[in-house]
file upload.csv (CSV, C-alpha atoms)
chain,number,residue,atom,x,y,z
A,1,GLY,CA,0.0,0.0,0.0
A,2,GLY,CA,1.0,3.6,-0.2
A,3,GLY,CA,0.7,4.8,-3.8
A,4,GLY,CA,3.7,6.6,-5.3
A,5,ASP,CA,4.0,9.9,-3.4
A,6,LEU,CA,6.0,11.0,-0.4
A,7,ASP,CA,3.0,10.6,1.8
A,8,SER,CA,4.3,8.5,4.6
A,9,ASN,CA,1.4,6.0,4.5
A,10,GLY,CA,3.2,2.9,3.1
A,11,PHE,CA,2.9,-0.5,4.8
A,12,VAL,CA,3.3,-4.2,4.2
A,13,THR,CA,0.5,-6.6,4.9
A,14,LYS,CA,1.0,-10.2,6.3
A,15,VAL,CA,-1.1,-12.8,4.6
A,16,ASP,CA,-1.2,-16.6,5.3
A,17,ALA,CA,-0.9,-19.4,2.8
A,18,GLU,CA,-4.7,-19.5,2.3
A,19,GLY,CA,-4.9,-15.8,1.5
A,20,ASN,CA,-6.3,-14.6,4.9
A,21,ILE,CA,-5.0,-11.3,6.2
A,22,VAL,CA,-3.1,-11.9,9.4
A,23,ASP,CA,-1.9,-8.3,10.0
A,24,PHE,CA,-3.0,-5.5,7.7
A,25,LYS,CA,-0.2,-3.1,8.7
A,26,PHE,CA,2.4,-5.7,9.7
A,27,MET,CA,5.3,-3.5,8.6
A,28,THR,CA,5.4,0.3,8.7
A,29,GLY,CA,7.9,3.1,8.8
A,30,THR,CA,9.2,5.0,11.8
A,31,GLU,CA,9.4,8.8,12.6
A,32,LYS,CA,13.0,8.7,11.5
A,33,SER,CA,12.6,6.4,8.4
A,34,LEU,CA,9.2,7.3,6.8
A,35,PHE,CA,7.7,4.6,4.6
A,36,HIS,CA,6.0,5.9,1.5
A,37,ALA,CA,5.3,3.5,-1.4
A,38,PRO,CA,6.6,-0.1,-1.1
A,39,ARG,CA,7.4,-1.8,-4.4
A,40,GLY,CA,9.6,-4.9,-5.0
A,41,MET,CA,10.5,-7.0,-2.0
A,42,PHE,CA,13.0,-9.7,-1.3
A,43,ILE,CA,13.7,-12.0,1.8
A,44,GLU,CA,17.2,-12.9,2.9
A,45,ASN,CA,18.3,-14.2,6.2
A,46,GLY,CA,15.1,-13.4,8.0
A,47,MET,CA,15.0,-9.9,6.7
A,48,LEU,CA,12.5,-8.3,4.2
A,49,TRP,CA,14.1,-5.8,1.9
A,50,VAL,CA,11.6,-3.3,0.4
A,51,ALA,CA,12.2,-0.7,-2.3
A,52,ASP,CA,10.6,2.7,-1.6
A,53,VAL,CA,10.7,6.1,-3.3
A,54,SER,CA,14.1,7.2,-2.1
A,55,GLY,CA,15.7,4.1,-0.7
A,56,VAL,CA,15.3,0.6,0.7
A,57,HIS,CA,13.7,-0.4,4.0
A,58,VAL,CA,14.7,-3.6,5.9
A,59,PHE,CA,12.2,-5.3,8.3
A,60,ASP,CA,12.3,-8.4,10.5
A,61,THR,CA,10.1,-11.0,8.8
A,62,LYS,CA,9.0,-12.6,12.1
A,63,THR,CA,8.2,-9.5,14.1
A,64,GLY,CA,7.6,-6.9,11.4
A,65,ALA,CA,10.0,-4.5,13.2
A,66,HIS,CA,11.8,-1.9,11.1
A,67,GLN,CA,15.5,-2.6,11.2
A,68,LYS,CA,17.1,0.1,8.9
A,69,PHE,CA,16.7,2.4,6.0
A,70,ILE,CA,19.3,2.7,3.2
A,71,ASP,CA,19.1,6.1,1.6
A,72,PHE,CA,19.4,6.3,-2.2
A,73,SER,CA,18.5,10.0,-2.6
A,74,SER,CA,22.0,11.1,-3.5
A,75,PHE,CA,21.6,9.1,-6.8
A,76,GLU,CA,18.3,10.9,-7.6
A,77,PRO,CA,16.6,7.6,-8.5
A,78,GLY,CA,13.9,7.5,-11.1
A,79,PHE,CA,11.8,4.6,-9.8
A,80,LEU,CA,13.4,2.2,-7.4
A,81,ASN,CA,11.6,-1.0,-8.1
A,82,ASP,CA,12.7,-4.7,-7.6
A,83,ILE,CA,15.2,-6.4,-5.4
A,84,SER,CA,17.2,-9.6,-5.4
A,85,SER,CA,20.4,-11.3,-4.1
A,86,ASP,CA,22.4,-14.5,-4.8
A,87,GLY,CA,22.6,-15.2,-1.0
A,88,SER,CA,26.1,-13.7,-0.6
A,89,GLY,CA,24.9,-10.7,1.3
A,90,THR,CA,25.0,-8.3,-1.6
A,91,ILE,CA,21.6,-6.8,-2.6
A,92,TYR,CA,20.7,-5.6,-6.1
A,93,VAL,CA,18.0,-3.0,-6.8
A,94,THR,CA,16.6,-2.0,-10.2
A,95,ASP,CA,15.6,1.5,-11.3
A,96,THR,CA,12.8,1.4,-13.8
A,97,GLY,CA,13.0,5.2,-14.3
A,98,LYS,CA,16.7,4.9,-15.4
A,99,PRO,CA,18.7,2.2,-17.1
A,100,ILE,CA,20.5,1.4,-13.9
A,101,VAL,CA,21.0,-1.4,-11.4
A,102,TYR,CA,22.3,-0.5,-7.9
A,103,LYS,CA,23.9,-2.7,-5.3
A,104,ILE,CA,23.9,-2.6,-1.5
A,105,GLU,CA,27.0,-4.0,0.1
A,106,ASN,CA,27.7,-3.6,3.9
A,107,ASN,CA,24.6,-1.3,4.0
A,108,GLU,CA,26.2,1.1,1.5
A,109,PRO,CA,24.4,1.7,-1.8
A,110,SER,CA,26.3,2.3,-5.1
A,111,ILE,CA,25.6,2.2,-8.9
A,112,PHE,CA,26.5,-1.3,-10.2
A,113,LEU,CA,25.3,-1.1,-13.8
A,114,ASP,CA,24.4,2.0,-15.8
A,115,SER,CA,23.7,2.8,-19.4
A,116,LEU,CA,21.8,-0.5,-19.8
A,117,ALA,CA,20.0,-1.2,-23.1
A,118,ILE,CA,16.8,-1.5,-21.1
A,119,TYR,CA,15.0,0.2,-18.2
A,120,PRO,CA,15.0,-2.8,-15.8
A,121,ASN,CA,11.9,-3.7,-13.8
A,122,GLY,CA,12.0,-7.2,-12.3
A,123,ILE,CA,15.2,-8.9,-11.2
A,124,THR,CA,15.8,-12.5,-10.1
A,125,PHE,CA,18.8,-14.9,-9.6
A,126,ASP,CA,19.3,-17.9,-11.8
A,127,VAL,CA,20.8,-20.4,-9.3
A,128,GLU,CA,21.7,-22.9,-12.0
A,129,ASN,CA,23.7,-20.5,-14.1
A,130,LYS,CA,24.8,-18.1,-11.4
A,131,LEU,CA,23.3,-15.1,-13.2
A,132,PHE,CA,20.9,-12.3,-12.4
A,133,VAL,CA,18.2,-11.9,-15.0
A,134,LEU,CA,16.4,-8.5,-15.7
A,135,ALA,CA,12.9,-8.0,-17.0
A,136,PRO,CA,12.6,-4.9,-19.2
A,137,TRP,CA,10.0,-2.2,-18.8
A,138,ARG,CA,8.4,-0.3,-21.7
A,139,ARG,CA,7.9,-2.3,-24.9
A,140,ASP,CA,11.3,-3.9,-24.8
A,141,THR,CA,11.1,-7.7,-25.1
A,142,THR,CA,14.7,-8.7,-24.6
A,143,PHE,CA,15.7,-9.9,-21.1
A,144,TYR,CA,19.3,-9.3,-20.1
A,145,SER,CA,21.5,-11.1,-17.5
A,146,PHE,CA,24.6,-10.1,-15.6
A,147,ASN,CA,27.0,-11.7,-13.2
A,148,SER,CA,28.7,-10.5,-10.1
A,149,ALA,CA,31.6,-9.1,-12.2
A,150,GLY,CA,29.1,-6.8,-14.0
A,151,GLU,CA,29.2,-8.6,-17.4
A,152,VAL,CA,25.9,-8.0,-19.2
A,153,LYS,CA,24.4,-10.0,-22.1
A,154,PRO,CA,21.1,-10.7,-23.8
A,155,HIS,CA,19.3,-13.7,-22.1
A,156,TYR,CA,15.8,-14.5,-23.4
A,157,SER,CA,13.3,-12.8,-25.7
A,158,PHE,CA,9.7,-12.8,-24.6
A,159,GLN,CA,6.4,-11.9,-26.2
A,160,GLY,CA,4.2,-9.4,-24.3
A,161,GLY,CA,5.6,-6.3,-22.7
A,162,ASN,CA,5.8,-4.0,-19.7
A,163,PHE,CA,7.2,-6.9,-17.8
A,164,ASP,CA,7.3,-6.9,-14.0
A,165,ARG,CA,8.6,-9.5,-11.5
A,166,LEU,CA,10.1,-12.7,-12.8
A,167,GLU,CA,10.9,-16.0,-10.9
A,168,PHE,CA,12.6,-19.3,-11.8
A,169,ILE,CA,10.9,-22.5,-10.8
A,170,GLU,CA,12.1,-26.0,-11.8
A,171,GLY,CA,14.3,-24.6,-14.6
A,172,LYS,CA,11.6,-22.5,-16.1
A,173,LEU,CA,11.3,-18.7,-16.0
A,174,LEU,CA,8.0,-17.1,-15.1
A,175,VAL,CA,7.3,-13.4,-15.7
A,176,ALA,CA,4.4,-11.0,-15.3
A,177,SER,CA,3.5,-9.3,-18.6
A,178,GLN,CA,1.2,-6.3,-18.4
A,179,VAL,CA,0.7,-5.6,-22.1
A,180,ASP,CA,-1.3,-8.9,-22.6
A,181,GLU,CA,-2.3,-9.3,-18.9
A,182,SER,CA,-0.6,-12.7,-18.4
A,183,ILE,CA,2.0,-14.7,-16.6
A,184,ARG,CA,4.3,-16.1,-19.3
A,185,VAL,CA,6.7,-19.0,-19.0
A,186,HIS,CA,10.0,-19.6,-20.8
A,187,ASP,CA,11.5,-23.1,-21.0
A,188,GLY,CA,14.8,-22.0,-22.5
A,189,THR,CA,13.6,-22.3,-26.0
A,190,SER,CA,10.3,-20.6,-26.4
A,191,ASN,CA,7.7,-18.8,-24.3
A,192,LYS,CA,3.9,-19.0,-23.9
A,193,ILE,CA,1.1,-17.8,-21.8
A,194,LEU,CA,0.8,-19.9,-18.7
A,195,ILE,CA,-2.0,-17.9,-16.9
A,196,LYS,CA,-4.3,-15.3,-18.4
A,197,THR,CA,-4.7,-12.9,-15.5
A,198,THR,CA,-7.7,-10.8,-14.6
A,199,GLY,CA,-5.8,-7.5,-14.9
A,200,ARG,CA,-2.3,-6.1,-15.2
A,201,PRO,CA,-0.1,-8.3,-13.0
A,202,ALA,CA,2.7,-6.8,-10.9
A,203,ASP,CA,5.3,-8.1,-8.5
A,204,ILE,CA,4.6,-11.9,-8.4
A,205,GLY,CA,5.8,-14.2,-5.7
A,206,ILE,CA,6.1,-18.0,-5.6
A,207,ASP,CA,5.4,-20.5,-2.7
A,208,ARG,CA,7.7,-23.2,-4.0
A,209,ALA,CA,6.8,-25.8,-1.3
A,210,ASN,CA,3.1,-25.7,-2.4
A,211,LYS,CA,3.7,-24.7,-6.0
A,212,ILE,CA,1.5,-21.6,-5.7
A,213,ILE,CA,2.1,-18.3,-7.5
A,214,ALA,CA,0.8,-15.1,-5.9
A,215,VAL,CA,-0.3,-12.4,-8.4
A,216,PRO,CA,-1.0,-8.8,-7.3
A,217,TYR,CA,-2.5,-6.3,-9.7
A,218,ILE,CA,-1.7,-2.7,-10.5
A,219,THR,CA,-5.2,-1.2,-10.1
A,220,LEU,CA,-7.5,-4.0,-8.9
A,221,ASN,CA,-6.7,-3.9,-5.2
A,222,LYS,CA,-6.5,-7.7,-4.9
A,223,LEU,CA,-4.1,-10.6,-4.9
A,224,ASP,CA,-4.8,-13.9,-6.7
A,225,PHE,CA,-3.3,-17.3,-5.8
A,226,TRP,CA,-2.8,-19.7,-8.7
A,227,SER,CA,-1.8,-23.4,-8.4
A,228,LEU,CA,1.1,-24.2,-10.7
A,229,ASP,CA,0.3,-27.9,-10.3
A,230,ARG,CA,-2.7,-27.3,-12.5

call {"tool": "encode", "arguments": {"input": "upload.csv", "output": "structure tokens"}}
result
Amino acid sequence: GGGGDLDSNGFVTKVDAEGNIVDFKFMTGTEKSLFHAPRGMFIENGMLWVADVSGVHVFDTKTGAHQKFIDFSSFEPGFLNDISSDGSGTIYVTDTGKPIVYKIENNEPSIFLDSLAIYPNGITFDVENKLFVLAPWRRDTTFYSFNSAGEVKPHYSFQGGNFDRLEFIEGKLLVASQVDESIRVHDGTSNKILIKTTGRPADIGIDRANKIIAVPYITLNKLDFWSLDR
């Protein structure tokens, strides 16, 4: 919740595996670290990293307590969006308003990649190939990957457009496509529509244990759960 303004009314809701709201405002900002418009999220080592208008907030996943805020305002970010990590402790953050990927190392932010061929939205880590994969915003259809050394190359080409979050599961890449309102799947050779959604899908998440994909929507004020077993 929170929209896109510096309005200090952002929060994260806790929902159980059946879709029931456990705590509507489970995570909020503090007087010192205001929380405006939560976007992409990523869990690592019991901490939830959340992109906001001018930086990244970190919360305790068990208690919901605010742990720290990492300020990006000196970079004049366009639209801080999605977050990922390879488990090494370094966090990567996309900027959909600029062709940039930032990194956070030892709680210090820096520009890791700039002058990209795309404006990146979603980011995820390909464990099998040890690469990060970026989903492009706008009408770009080429996905790019990069490694920890900063080497960038084209990865996949998808149909659709205005791509949001992407996730790997069982060797396949799932991505939210807003242009055709779908969740698309790529098997390494070709892509197709896996789910025709009921609106423009945003930052998807996957429950790998139960093979469930959670799909939030840009304007519909709802979250759908879909079974990937079906």

call {"tool": "closest_atom_pairs", "arguments": {"input": "upload.csv", "of": "segment 115-226 of chain A", "to": "segment 35-54 of chain A", "cutoff": "10 Å", "atoms": "all atoms listed in the file", "output": "CSV"}}
result
residue,atom,partner,partner_atom,distance
A:Asn121,CA,A:Gly40,CA,9.2
A:Gly122,CA,A:Gly40,CA,8.0
A:Ile123,CA,A:Gly40,CA,9.3
A:Thr124,CA,A:Phe42,CA,9.6
A:Asp164,CA,A:Gly40,CA,9.5
A:Arg165,CA,A:Gly40,CA,8.0
A:Ala202,CA,A:Gly40,CA,9.3
A:Asp203,CA,A:Gly40,CA,6.4
A:Ile204,CA,A:Gly40,CA,9.2
A:Gly205,CA,A:Met41,CA,9.4

call {"tool": "residues_around", "arguments": {"input": "upload.csv", "residues": "His186 of chain A", "least_positions_apart": "3", "cutoff": "7 Å", "atoms": "all atoms listed in the file", "output": "CSV table (one decimal) with C-alpha atoms, in the coordinates of the input"}}
result
chain,number,residue,atom,x,y,z
A,172,LYS,CA,11.6,-22.5,-16.1
A,173,LEU,CA,11.3,-18.7,-16.0
A,174,LEU,CA,8.0,-17.1,-15.1
A,189,THR,CA,13.6,-22.3,-26.0
A,190,SER,CA,10.3,-20.6,-26.4
A,191,ASN,CA,7.7,-18.8,-24.3
A,192,LYS,CA,3.9,-19.0,-23.9

call {"tool": "atom_distance", "arguments": {"input": "upload.csv", "atom1": "atom CA of Gly161 of chain A", "atom2": "atom CA of Arg139 of chain A"}}
result
5.1 Å

call {"tool": "atom_distance", "arguments": {"input": "upload.csv", "atom1": "atom CA of Lys211 of chain A", "atom2": "atom CA of Glu167 of chain A"}}
result
12.3 Å

call {"tool": "residues_around", "arguments": {"input": "upload.csv", "residues": "Gly160 of chain A", "least_positions_apart": "4", "cutoff": "12 Å", "atoms": "all atoms listed in the file", "output": "JSON, numbers by chain"}}
result
{"A": [135, 136, 137, 138, 139, 140, 141, 142, 143, 164, 175, 176, 177, 178, 179, 180, 181, 182, 183, 184, 185, 191, 192, 193, 196, 200]}

call {"tool": "closest_residue", "arguments": {"input": "upload.csv", "among": "A:Glu31, A:Lys68, A:Ser115, A:Ser148", "to": "Ser88 of chain A", "atoms": "all atoms listed in the file"}}
result
A:Ser148

call {"tool": "atom_distance", "arguments": {"input": "upload.csv", "atom1": "atom CA of Phe125 of chain A", "atom2": "atom CA of Gly1 of chain A"}}
result
25.8 Å

call {"tool": "residues_near_point", "arguments": {"input": "upload.csv", "point": "(-2.3, -9.9, 1.3)", "cutoff": "10 Å", "atoms": "all atoms listed in the file", "output": "list in words"}}
result
Val12, Thr13, Lys14, Val15, Asp16, Ala17, Glu18, Gly19, Asn20, Ile21, Val22, Asp23, Phe24, Ala214, Pro216, Asn221, Lys222, Leu223 and Asp224 of chain A

call {"tool": "closest_residue", "arguments": {"input": "upload.csv", "among": "A:Thr219, A:Asn129, A:Asn210, A:Ser73", "to": "His155 of chain A", "atoms": "all atoms listed in the file"}}
result
A:Asn129

call {"tool": "closest_atom_pairs", "arguments": {"input": "upload.csv", "of": "segment 146-194 of chain A", "to": "segment 102-112 of chain A", "cutoff": "12 Å", "atoms": "only C-alpha atoms", "output": "JSON lines"}}
result
{"residue": "A:Phe146", "atom": "CA", "partner": "A:Phe112", "partner_atom": "CA", "distance": 10.5}
{"residue": "A:Asn147", "atom": "CA", "partner": "A:Phe112", "partner_atom": "CA", "distance": 10.8}
{"residue": "A:Ser148", "atom": "CA", "partner": "A:Phe112", "partner_atom": "CA", "distance": 9.5}
{"residue": "A:Ala149", "atom": "CA", "partner": "A:Phe112", "partner_atom": "CA", "distance": 9.5}
{"residue": "A:Gly150", "atom": "CA", "partner": "A:Phe112", "partner_atom": "CA", "distance": 7.2}
{"residue": "A:Glu151", "atom": "CA", "partner": "A:Phe112", "partner_atom": "CA", "distance": 10.6}
{"residue": "A:Val152", "atom": "CA", "partner": "A:Phe112", "partner_atom": "CA", "distance": 11.2}

call {"tool": "decode", "arguments": {"input": "upload.csv", "residues": "segment 54-113 of chain A", "atoms": "C-alpha atoms", "output": "CSV table (one decimal), in the first residue's frame"}}
result
chain,number,residue,atom,x,y,z
A,54,SER,CA,14.1,7.2,-2.1
A,55,GLY,CA,15.7,4.1,-0.7
A,56,VAL,CA,15.3,0.6,0.7
A,57,HIS,CA,13.7,-0.4,4.0
A,58,VAL,CA,14.7,-3.6,5.9
A,59,PHE,CA,12.2,-5.3,8.3
A,60,ASP,CA,12.3,-8.4,10.5
A,61,THR,CA,10.1,-11.0,8.8
A,62,LYS,CA,9.0,-12.6,12.1
A,63,THR,CA,8.2,-9.5,14.1
A,64,GLY,CA,7.6,-6.9,11.4
A,65,ALA,CA,10.0,-4.5,13.2
A,66,HIS,CA,11.8,-1.9,11.1
A,67,GLN,CA,15.5,-2.6,11.2
A,68,LYS,CA,17.1,0.1,8.9
A,69,PHE,CA,16.7,2.4,6.0
A,70,ILE,CA,19.3,2.7,3.2
A,71,ASP,CA,19.1,6.1,1.6
A,72,PHE,CA,19.4,6.3,-2.2
A,73,SER,CA,18.5,10.0,-2.6
A,74,SER,CA,22.0,11.1,-3.5
A,75,PHE,CA,21.6,9.1,-6.8
A,76,GLU,CA,18.3,10.9,-7.6
A,77,PRO,CA,16.6,7.6,-8.5
A,78,GLY,CA,13.9,7.5,-11.1
A,79,PHE,CA,11.8,4.6,-9.8
A,80,LEU,CA,13.4,2.2,-7.4
A,81,ASN,CA,11.6,-1.0,-8.1
A,82,ASP,CA,12.7,-4.7,-7.6
A,83,ILE,CA,15.2,-6.4,-5.4
A,84,SER,CA,17.2,-9.6,-5.4
A,85,SER,CA,20.4,-11.3,-4.1
A,86,ASP,CA,22.4,-14.5,-4.8
A,87,GLY,CA,22.6,-15.2,-1.0
A,88,SER,CA,26.1,-13.7,-0.6
A,89,GLY,CA,24.9,-10.7,1.3
A,90,THR,CA,25.0,-8.3,-1.6
A,91,ILE,CA,21.6,-6.8,-2.6
A,92,TYR,CA,20.7,-5.6,-6.1
A,93,VAL,CA,18.0,-3.0,-6.8
A,94,THR,CA,16.6,-2.0,-10.2
A,95,ASP,CA,15.6,1.5,-11.3
A,96,THR,CA,12.8,1.4,-13.8
A,97,GLY,CA,13.0,5.2,-14.3
A,98,LYS,CA,16.7,4.9,-15.4
A,99,PRO,CA,18.7,2.2,-17.1
A,100,ILE,CA,20.5,1.4,-13.9
A,101,VAL,CA,21.0,-1.4,-11.4
A,102,TYR,CA,22.3,-0.5,-7.9
A,103,LYS,CA,23.9,-2.7,-5.3
A,104,ILE,CA,23.9,-2.6,-1.5
A,105,GLU,CA,27.0,-4.0,0.1
A,106,ASN,CA,27.7,-3.6,3.9
A,107,ASN,CA,24.6,-1.3,4.0
A,108,GLU,CA,26.2,1.1,1.5
A,109,PRO,CA,24.4,1.7,-1.8
A,110,SER,CA,26.3,2.3,-5.1
A,111,ILE,CA,25.6,2.2,-8.9
A,112,PHE,CA,26.5,-1.3,-10.2
A,113,LEU,CA,25.3,-1.1,-13.8
